[in-house]
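Colleague: My questions will all concern the structure given below.
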Amino acid sequence: MPELPEVETVRRSVEAAVVGSTVVRVEATGWRTVRRTSKRAVEVGLLGETFVAARRRGKYLLFDLANGNSVMVHLRMSGRLLLTDPTAPREPHTHVVIGLSSPSGSETDLRFVDPRTFGEVVVFNPDDDLVPEISRLGLDPLVDEFTFQQFRSALGRRKRGLKATLLDQSVVAGIGNIYVDEILHRTRLRHDRKVDALSLAQLRLLHANTVEVIREAVEAGGSTLSDTQYVDALGREGIFQTAHRVYDREGQRCLTCGRGIIRRVVAAGRSTHFCPVCQR
DNA sequence: AAACAAACCTGTGCGC
DNA sequence: TGCGCACAGGTTTGTT
């Protein structure tokens with residue numbers, strides 16, 4: 001579900017409540033969510049600690065603790081991070097509850113809810129190799145270092161399809177199935193075009209549109225699809241779905257050229273939407 | 001090297 | 001109204 005724009009929106013929605021607050025209660029109830037370590041490791045690792053930063057890399061949320069450890073939270077397909085009153089009833093599939101006390105003394109719960117249990121919560125020492133995937137991530141499109149030169153060298157010159165390449169988190173961090181389709185549509189390129197067949201101008205456009213689409217989506221608070229699964233930590237929905245030009249628009253007329261009918265195929269193992277007329 | 005398929009799970013929406 | 005099936009935003013692993 002959540003791609004970079006949704007994860008960034010969640011990060012922003014928890015930051016003020018989390019940073020500076022101290023953990024006064026922890027309950028890891030779901031085993032699958034803490035499978036990388038254990039319930040005990042998460043509870044012991046958090047209790048009494050103070051959060052000092054709420055960061056994000058690609059789709060990974062990283063919370064730094066005052067003792068030098070960090071907390072990695074990945075939402076995968078169905079995870080949600082919610083800020084609630086500690087007395088509020090727990091939603092079904094609540095797997096981790098972190099009771100926070102702010103400097104002013106007010107108490108809030110940070111809860112991890114995840115029906116499909118693909119998501120994870122890991123408390124780790126950054127010197128250890130417990131979360132190696134973080135170090136393998138490519139550049140995040142929102143950082144200053146995401147320059148055209150960096151982007152171009154990360155793509156390499158390959159015979160690989162564009163969609164598979166952009167979905168590869170070691171090439172660019174944070175792009176998922178919705179945004180890759182929107183980025184490729186804006187660039188008027190098909191998902192199956194090969195990276196090594198693109199002109200310099202097309203590469204430049206692809207880089208610029210990657211940044212543009214992701215920025216606009218963050219601005220819109222992400223995309224909440226019809227199932228309304230995705231909301232930020234305060235329960236607010238995103239509105240970028242109203243700006244989708246191809247995703248979930250199979251059979252509808254192309255909003256860009258007004259001539260094509262949006263098609264859906266499977267590419268790179270994922271449901272793929274594109275306009276057969278204006279994407280080449 | 002790249003393209004697929006399957007695996008991990010639950011919920012939902014569709015056709016009958 | 002109810003049932004069964006297909007499918008879903010991510011990532012890893014193994015096979016062609």
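Ordered as shown in the structure tokens, chains take letters A, B, and onward, while each chain numbers its residues from 1 and ligands are numbered from 1 in the order shown.
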Would you kindly report the residues of chain B within 9 Å of chain A, using only C-alpha atoms (C1' of nucleotides), as a list in words?

Modeller: DA1, DA2, DA3, DC4, DA5, DC8, DC9, DT10, DG11 and DT12 of chain B

Colleague: Export N, CA and C atoms (P, O5', C5', C4', C3', O3' and C1' of nucleotides) of the chosen residues as a PDB file, in the first residue's frame?

Modeller:
```pdb
ATOM      1  P    DA B   1      25.410  -9.309 -13.963  1.00  0.00           P
ATOM      2  O5'  DA B   1      24.255  -9.133 -15.015  1.00  0.00           O
ATOM      3  C5'  DA B   1      24.419  -8.779 -16.360  1.00  0.00           C
ATOM      4  C4'  DA B   1      23.049  -8.836 -16.970  1.00  0.00           C
ATOM      5  C3'  DA B   1      21.994  -8.149 -16.116  1.00  0.00           C
ATOM      6  O3'  DA B   1      21.194  -7.346 -16.952  1.00  0.00           O
ATOM      7  C1'  DA B   1      21.371 -10.405 -16.514  1.00  0.00           C
ATOM      8  P    DA B   2      20.087  -6.419 -16.367  1.00  0.00           P
ATOM      9  O5'  DA B   2      18.753  -7.232 -16.701  1.00  0.00           O
ATOM     10  C5'  DA B   2      18.527  -7.624 -18.045  1.00  0.00           C
ATOM     11  C4'  DA B   2      17.334  -8.544 -18.084  1.00  0.00           C
ATOM     12  C3'  DA B   2      16.101  -8.021 -17.350  1.00  0.00           C
ATOM     13  O3'  DA B   2      14.979  -8.319 -18.139  1.00  0.00           O
ATOM     14  C1'  DA B   2      16.627 -10.155 -16.579  1.00  0.00           C
ATOM     15  P    DA B   3      13.615  -7.552 -17.994  1.00  0.00           P
ATOM     16  O5'  DA B   3      12.563  -8.730 -17.980  1.00  0.00           O
ATOM     17  C5'  DA B   3      12.649  -9.771 -18.938  1.00  0.00           C
ATOM     18  C4'  DA B   3      11.914 -10.973 -18.417  1.00  0.00           C
ATOM     19  C3'  DA B   3      10.605 -10.631 -17.695  1.00  0.00           C
ATOM     20  O3'  DA B   3       9.588 -11.482 -18.173  1.00  0.00           O
ATOM     21  C1'  DA B   3      11.960 -12.001 -16.324  1.00  0.00           C
ATOM     22  P    DC B   4       8.063 -11.092 -18.014  1.00  0.00           P
ATOM     23  O5'  DC B   4       7.498 -12.306 -17.147  1.00  0.00           O
ATOM     24  C5'  DC B   4       8.312 -12.789 -16.169  1.00  0.00           C
ATOM     25  C4'  DC B   4       8.032 -14.229 -15.846  1.00  0.00           C
ATOM     26  C3'  DC B   4       6.807 -14.382 -14.970  1.00  0.00           C
ATOM     27  O3'  DC B   4       6.150 -15.613 -15.226  1.00  0.00           O
ATOM     28  C1'  DC B   4       8.805 -14.827 -13.720  1.00  0.00           C
ATOM     29  P    DA B   5       4.752 -15.871 -14.522  1.00  0.00           P
ATOM     30  O5'  DA B   5       5.174 -16.617 -13.189  1.00  0.00           O
ATOM     31  C5'  DA B   5       5.962 -17.796 -13.262  1.00  0.00           C
ATOM     32  C4'  DA B   5       6.067 -18.385 -11.872  1.00  0.00           C
ATOM     33  C3'  DA B   5       4.791 -18.242 -11.047  1.00  0.00           C
ATOM     34  O3'  DA B   5       4.510 -19.483 -10.427  1.00  0.00           O
ATOM     35  C1'  DA B   5       6.610 -17.218  -9.905  1.00  0.00           C
ATOM     36  P    DC B   8       3.855 -19.530   2.569  1.00  0.00           P
ATOM     37  O5'  DC B   8       3.892 -18.130   3.331  1.00  0.00           O
ATOM     38  C5'  DC B   8       5.065 -17.723   4.026  1.00  0.00           C
ATOM     39  C4'  DC B   8       4.964 -16.256   4.343  1.00  0.00           C
ATOM     40  C3'  DC B   8       3.612 -15.856   4.937  1.00  0.00           C
ATOM     41  O3'  DC B   8       3.717 -15.882   6.356  1.00  0.00           O
ATOM     42  C1'  DC B   8       4.453 -14.241   3.351  1.00  0.00           C
ATOM     43  P    DC B   9       2.582 -16.461   7.190  1.00  0.00           P
ATOM     44  O5'  DC B   9       1.533 -15.279   7.172  1.00  0.00           O
ATOM     45  C5'  DC B   9       0.173 -15.584   7.068  1.00  0.00           C
ATOM     46  C4'  DC B   9      -0.560 -14.287   6.899  1.00  0.00           C
ATOM     47  C3'  DC B   9      -2.058 -14.474   6.821  1.00  0.00           C
ATOM     48  O3'  DC B   9      -2.580 -14.273   8.123  1.00  0.00           O
ATOM     49  C1'  DC B   9      -1.276 -12.948   5.137  1.00  0.00           C
ATOM     50  P    DT B  10      -4.066 -14.638   8.432  1.00  0.00           P
ATOM     51  O5'  DT B  10      -4.873 -13.353   7.919  1.00  0.00           O
ATOM     52  C5'  DT B  10      -4.611 -12.090   8.488  1.00  0.00           C
ATOM     53  C4'  DT B  10      -5.400 -11.056   7.717  1.00  0.00           C
ATOM     54  C3'  DT B  10      -6.905 -11.303   7.714  1.00  0.00           C
ATOM     55  O3'  DT B  10      -7.517 -10.139   8.225  1.00  0.00           O
ATOM     56  C1'  DT B  10      -6.093 -10.926   5.500  1.00  0.00           C
ATOM     57  P    DG B  11      -9.105 -10.006   8.263  1.00  0.00           P
ATOM     58  O5'  DG B  11      -9.420  -9.159   6.947  1.00  0.00           O
ATOM     59  C5'  DG B  11      -8.773  -7.910   6.781  1.00  0.00           C
ATOM     60  C4'  DG B  11      -9.268  -7.262   5.526  1.00  0.00           C
ATOM     61  C3'  DG B  11     -10.787  -7.255   5.381  1.00  0.00           C
ATOM     62  O3'  DG B  11     -11.159  -5.967   4.933  1.00  0.00           O
ATOM     63  C1'  DG B  11      -9.804  -8.321   3.508  1.00  0.00           C
ATOM     64  P    DT B  12     -12.665  -5.565   4.796  1.00  0.00           P
ATOM     65  O5'  DT B  12     -12.840  -5.491   3.217  1.00  0.00           O
ATOM     66  C5'  DT B  12     -11.874  -4.795   2.453  1.00  0.00           C
ATOM     67  C4'  DT B  12     -12.140  -5.023   0.987  1.00  0.00           C
ATOM     68  C3'  DT B  12     -13.629  -4.974   0.607  1.00  0.00           C
ATOM     69  O3'  DT B  12     -13.733  -4.243  -0.593  1.00  0.00           O
ATOM     70  C1'  DT B  12     -12.664  -6.950  -0.180  1.00  0.00           C
TER      71       DT B  12
END
```

Colleague: Quick one: contact table of chain C to chain A, 9 Å max, nearest atom pair and distance in Å to one decimal per residue, counting only C-alpha atoms (C1' of nucleotides), chain and number order, as a tab-separated table?

Modeller:
```
residue	atom	partner	partner_atom	distance
C:DA8	C1'	A:Met1	CA	8.3
C:DG9	C1'	A:Met1	CA	2.4
C:DG10	C1'	A:Arg76	CA	4.9
C:DT11	C1'	A:Arg76	CA	8.1
```

Colleague: Could you write out the selected residues, including N, CA, C and O atoms (P, O5', C5', C4', C3', O3' and C1' of nucleotides), as a short mmCIF file (atom, residue, chain, number, x, y, z; two decimals), in the first residue's frame?

Modeller:
```cif
data_model
loop_
_atom_site.label_atom_id
_atom_site.label_comp_id
_atom_site.auth_asym_id
_atom_site.auth_seq_id
_atom_site.Cartn_x
_atom_site.Cartn_y
_atom_site.Cartn_z
P DA C 8 -4.02 -7.24 -8.87
"O5'" DA C 8 -3.83 -6.46 -7.49
"C5'" DA C 8 -4.68 -5.35 -7.18
"C4'" DA C 8 -4.42 -4.92 -5.75
"C3'" DA C 8 -2.95 -5.06 -5.34
"O3'" DA C 8 -2.25 -3.86 -5.64
"C1'" DA C 8 -4.41 -5.94 -3.66
P DG C 9 -0.96 -3.87 -6.56
"O5'" DG C 9 -0.05 -2.76 -5.86
"C5'" DG C 9 -0.62 -1.75 -5.07
"C4'" DG C 9 0.44 -0.75 -4.62
"C3'" DG C 9 1.60 -1.36 -3.83
"O3'" DG C 9 2.66 -0.43 -3.84
"C1'" DG C 9 -0.07 -0.53 -2.39
P DG C 10 4.06 -1.11 -3.88
"O5'" DG C 10 4.14 -2.11 -2.62
"C5'" DG C 10 4.25 -1.61 -1.31
"C4'" DG C 10 5.38 -2.30 -0.55
"C3'" DG C 10 6.71 -2.37 -1.29
"O3'" DG C 10 7.75 -2.19 -0.33
"C1'" DG C 10 5.93 -4.57 -0.89
P DT C 11 9.28 -2.04 -0.80
"O5'" DT C 11 9.89 -3.50 -0.67
"C5'" DT C 11 10.08 -4.01 0.63
"C4'" DT C 11 10.47 -5.46 0.56
"C3'" DT C 11 11.74 -5.77 -0.24
"O3'" DT C 11 12.68 -6.23 0.70
"C1'" DT C 11 10.02 -7.36 -0.65
#
```

Colleague: Report the distance between atom CA of A:Gly260 and atom CA of A:Ala220 in Å, rounded to one decimal place.

Modeller: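 So the answer is 26.6 Å.
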
Colleague: As a ChimeraX atom specification, which residues of stretch 35-261 of chain A does DSSP assign to strand (DSSP E)?

Modeller: /A:51-57,60-65,70-74,80-84,94-101,107-113,120-124

Colleague: Write a file of the just-selected residues containing N, CA and C atoms, as a short mmCIF file (atom, residue, chain, number, x, y, z; two decimals), in the first residue's frame.

Modeller:
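What ended up in again20.cif:
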```
data_model
loop_
_atom_site.label_atom_id
_atom_site.label_comp_id
_atom_site.auth_asym_id
_atom_site.auth_seq_id
_atom_site.Cartn_x
_atom_site.Cartn_y
_atom_site.Cartn_z
N PHE A 51 12.66 9.28 22.13
CA PHE A 51 12.83 9.46 20.69
C PHE A 51 13.51 10.80 20.41
N VAL A 52 14.52 10.79 19.53
CA VAL A 52 15.20 12.05 19.22
C VAL A 52 15.02 12.47 17.76
N ALA A 53 14.58 11.57 16.90
CA ALA A 53 14.37 11.94 15.50
C ALA A 53 13.41 10.97 14.83
N ALA A 54 12.69 11.47 13.83
CA ALA A 54 11.80 10.63 13.01
C ALA A 54 12.22 10.83 11.56
N ARG A 55 12.96 9.84 11.03
CA ARG A 55 13.49 9.95 9.67
C ARG A 55 12.81 8.97 8.74
N ARG A 56 13.13 9.07 7.46
CA ARG A 56 12.60 8.15 6.46
C ARG A 56 13.64 7.95 5.37
N ARG A 57 13.78 6.71 4.91
CA ARG A 57 14.59 6.45 3.71
C ARG A 57 13.77 5.55 2.81
N TYR A 60 11.12 3.16 4.22
CA TYR A 60 11.47 2.76 5.59
C TYR A 60 11.39 3.94 6.54
N LEU A 61 10.66 3.77 7.64
CA LEU A 61 10.63 4.77 8.70
C LEU A 61 11.72 4.42 9.69
N LEU A 62 12.48 5.44 10.13
CA LEU A 62 13.57 5.21 11.07
C LEU A 62 13.46 6.21 12.21
N PHE A 63 13.24 5.68 13.40
CA PHE A 63 13.14 6.53 14.58
C PHE A 63 14.41 6.35 15.41
N ASP A 64 15.10 7.45 15.67
CA ASP A 64 16.33 7.36 16.47
C ASP A 64 16.01 7.55 17.95
N LEU A 65 16.69 6.75 18.76
CA LEU A 65 16.51 6.81 20.21
C LEU A 65 17.71 7.49 20.86
N SER A 70 18.07 2.58 16.98
CA SER A 70 17.01 3.09 16.10
C SER A 70 15.88 2.08 16.01
N VAL A 71 14.74 2.57 15.59
CA VAL A 71 13.58 1.72 15.38
C VAL A 71 13.22 1.78 13.90
N MET A 72 13.20 0.62 13.26
CA MET A 72 12.78 0.57 11.86
C MET A 72 11.34 0.11 11.81
N VAL A 73 10.51 0.86 11.09
CA VAL A 73 9.11 0.47 10.88
C VAL A 73 8.86 0.41 9.38
N HIS A 74 8.44 -0.75 8.88
CA HIS A 74 8.06 -0.86 7.47
C HIS A 74 6.59 -1.26 7.41
N ARG A 80 -0.30 0.29 9.27
CA ARG A 80 -0.64 1.68 9.59
C ARG A 80 -0.02 2.03 10.93
N LEU A 81 0.44 3.26 11.05
CA LEU A 81 0.97 3.77 12.29
C LEU A 81 -0.01 4.83 12.76
N LEU A 82 -0.56 4.66 13.95
CA LEU A 82 -1.62 5.56 14.40
C LEU A 82 -1.29 6.20 15.75
N LEU A 83 -1.60 7.47 15.88
CA LEU A 83 -1.51 8.15 17.16
C LEU A 83 -2.91 8.19 17.74
N THR A 84 -3.05 7.67 18.95
CA THR A 84 -4.39 7.65 19.56
C THR A 84 -4.31 7.97 21.04
N THR A 94 -4.03 -4.86 15.87
CA THR A 94 -3.06 -3.99 16.52
C THR A 94 -1.95 -4.89 17.08
N HIS A 95 -0.72 -4.72 16.59
CA HIS A 95 0.35 -5.65 16.96
C HIS A 95 1.40 -5.06 17.90
N VAL A 96 1.58 -3.74 17.87
CA VAL A 96 2.52 -3.10 18.79
C VAL A 96 1.89 -1.81 19.31
N VAL A 97 1.95 -1.62 20.61
CA VAL A 97 1.44 -0.39 21.23
C VAL A 97 2.58 0.25 22.02
N ILE A 98 2.91 1.49 21.68
CA ILE A 98 3.98 2.21 22.36
C ILE A 98 3.36 3.40 23.09
N GLY A 99 3.38 3.36 24.42
CA GLY A 99 2.85 4.46 25.22
C GLY A 99 3.90 5.54 25.38
N LEU A 100 3.57 6.77 24.93
CA LEU A 100 4.54 7.87 24.95
C LEU A 100 4.12 8.93 25.95
N SER A 101 5.13 9.48 26.64
CA SER A 101 4.88 10.61 27.52
C SER A 101 5.67 11.80 27.00
N GLU A 107 0.04 12.03 27.66
CA GLU A 107 0.31 10.69 27.17
C GLU A 107 -0.45 10.37 25.88
N THR A 108 0.26 9.71 24.97
CA THR A 108 -0.31 9.34 23.68
C THR A 108 0.16 7.92 23.35
N ASP A 109 -0.66 7.18 22.62
CA ASP A 109 -0.24 5.88 22.11
C ASP A 109 0.21 6.01 20.66
N LEU A 110 1.31 5.34 20.34
CA LEU A 110 1.71 5.14 18.95
C LEU A 110 1.46 3.66 18.69
N ARG A 111 0.54 3.36 17.76
CA ARG A 111 0.14 1.96 17.55
C ARG A 111 0.43 1.50 16.13
N PHE A 112 0.91 0.27 16.03
CA PHE A 112 1.16 -0.34 14.73
C PHE A 112 0.06 -1.35 14.46
N VAL A 113 -0.71 -1.09 13.40
CA VAL A 113 -1.85 -1.93 13.03
C VAL A 113 -1.59 -2.51 11.65
N GLU A 120 6.76 -4.70 9.58
CA GLU A 120 7.75 -5.06 10.60
C GLU A 120 8.08 -3.89 11.51
N VAL A 121 8.42 -4.24 12.74
CA VAL A 121 8.97 -3.28 13.69
C VAL A 121 10.25 -3.90 14.25
N VAL A 122 11.38 -3.20 14.10
CA VAL A 122 12.66 -3.72 14.58
C VAL A 122 13.37 -2.64 15.40
N VAL A 123 13.81 -2.97 16.59
CA VAL A 123 14.68 -2.08 17.36
C VAL A 123 16.09 -2.59 17.17
N PHE A 124 16.98 -1.73 16.69
CA PHE A 124 18.32 -2.23 16.36
C PHE A 124 19.42 -1.23 16.66
#
```

Colleague: Among stretch 17-141 of chain A, which ones does DSSP assign to helix (DSSP H, G or I) (computed from the backbone)? Answer as a list in words.

Modeller: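 For stretch 17-141 of chain A, the helix (DSSP H, G or I) set is Ala17, Val18, Arg32, Thr33, Val34, Lys39, Arg40, Ala41, Val42, Glu43, Val44, Gly45, Leu46, Pro132, Glu133 and Ile134 of chain A.
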
Colleague: Give me, please, the distance in Å between atom CA of A:Glu15 and atom CA of A:Gln150, quoted to one decimal.

Modeller: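 Between these atoms lies a distance of 29.2 Å.
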